[in-house]
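*Asks:* Below is a structure I'd like to ask you about.
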Amino acid sequence: ITGTATLTMAWFAQPFFEYSNIAISWFGILWTTLNLTVAITSYTAHWLEIKLGQKRSILLIAMLIPMGYLALSRFHAPGGLFVLYLFYLVRGYATPVLKDYINRITASNIRATVLSVRNFIIRLFFALTGPLLGWVKDIYSLPQALMLAGIIFLTISILTAILFISSYTSS
């Protein structure tokens, strides 16, 4: 769910730039710095995960990613850009942390398969939600599509976080 939510936001970044009336000449710079934000956060994710612990990390990821959608549905540039950078900070934290959890609970002989299936499921869920959210954006507005995405991802994220915490966490 988190992977689908972050992939979906990657596809919503450009429509957000357009909706916020950001000049197209800034798109490449913004896209580059957003991804640099992910890289920097990913580099420090292990350290932060040790500080937060597994349960808090799961809950923060489950809450902050969808809340980013809900916040972006309300803010345009410049406030919306701040929210978008915060979202990408959380994305940079979530991806390596969640992959590490998969690695920890998966036997080494099937780990590559599990990670491949994870990527397939992310794209499958995106193939189901992306057209719906794009349609809502086209028919209604970008803020309404972001709001719907936030509600969908928040509901499913909380349920899966509770399931994961009750089944697998160690701290």
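Letters A, B, ... go to the chains of the structure tokens in the order shown; residues in each chain start at 1; ligands are counted from 1 in the same order.
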Give me the residues near A:His46 as a list of chain:residue names, where near means some atom within 9 Å (using only C-alpha atoms) and where sequence neighbours in that chain fewer than 6 positions away do not count.
*Replies:* A:Tyr93, A:Pro96, A:Val97
*Asks:* Tell me, as a list in words, which residues lie within 10 Å of A:Val90, counting only C-alpha atoms; anything in the same chain fewer than 2 positions away does not count.
*Replies:*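 What passes the distance filter is Thr6, Thr37, Val38, Thr41, Ser42, Ala45, Leu60, Ile61, Leu64, Ile65, Gly68, Leu84, Tyr85, Leu86, Phe87, Tyr88, Gly92, Tyr93, Ala94 and Thr95 of chain A.
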*Asks:* Skipping near chain neighbours, those fewer than 3 positions away, what residues fall within 10 Å of stretch 11-14 of chain A using only C-alpha atoms, listed as number ranges by chain?
*Replies:* A: 6-8, 17-20, 22, 24, 27-28, 30-31, 34, 69, 81, 84, 130, 133-134, 137, 142, 145-146
*Asks:* Can you measure atom CA of A:Gly150 to atom CA of A:Leu70 for me? One decimal in Å is fine.
*Replies:* 5.2 Å
*Asks:* One number please: atom CA of A:Phe75 to atom CA of A:Leu48, in Å, one decimal.
*Replies:*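 One can read the atom CA of A:Phe75 to atom CA of A:Leu48 distance as 27.9 Å.
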*Asks:* Could you check which of A:Ile1, A:Leu89, A:Arg104, A:Ile29 is closest to A:Tyr43, using only C-alpha atoms?
*Replies:*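 Result for the nearest residue to A:Tyr43: A:Leu89.
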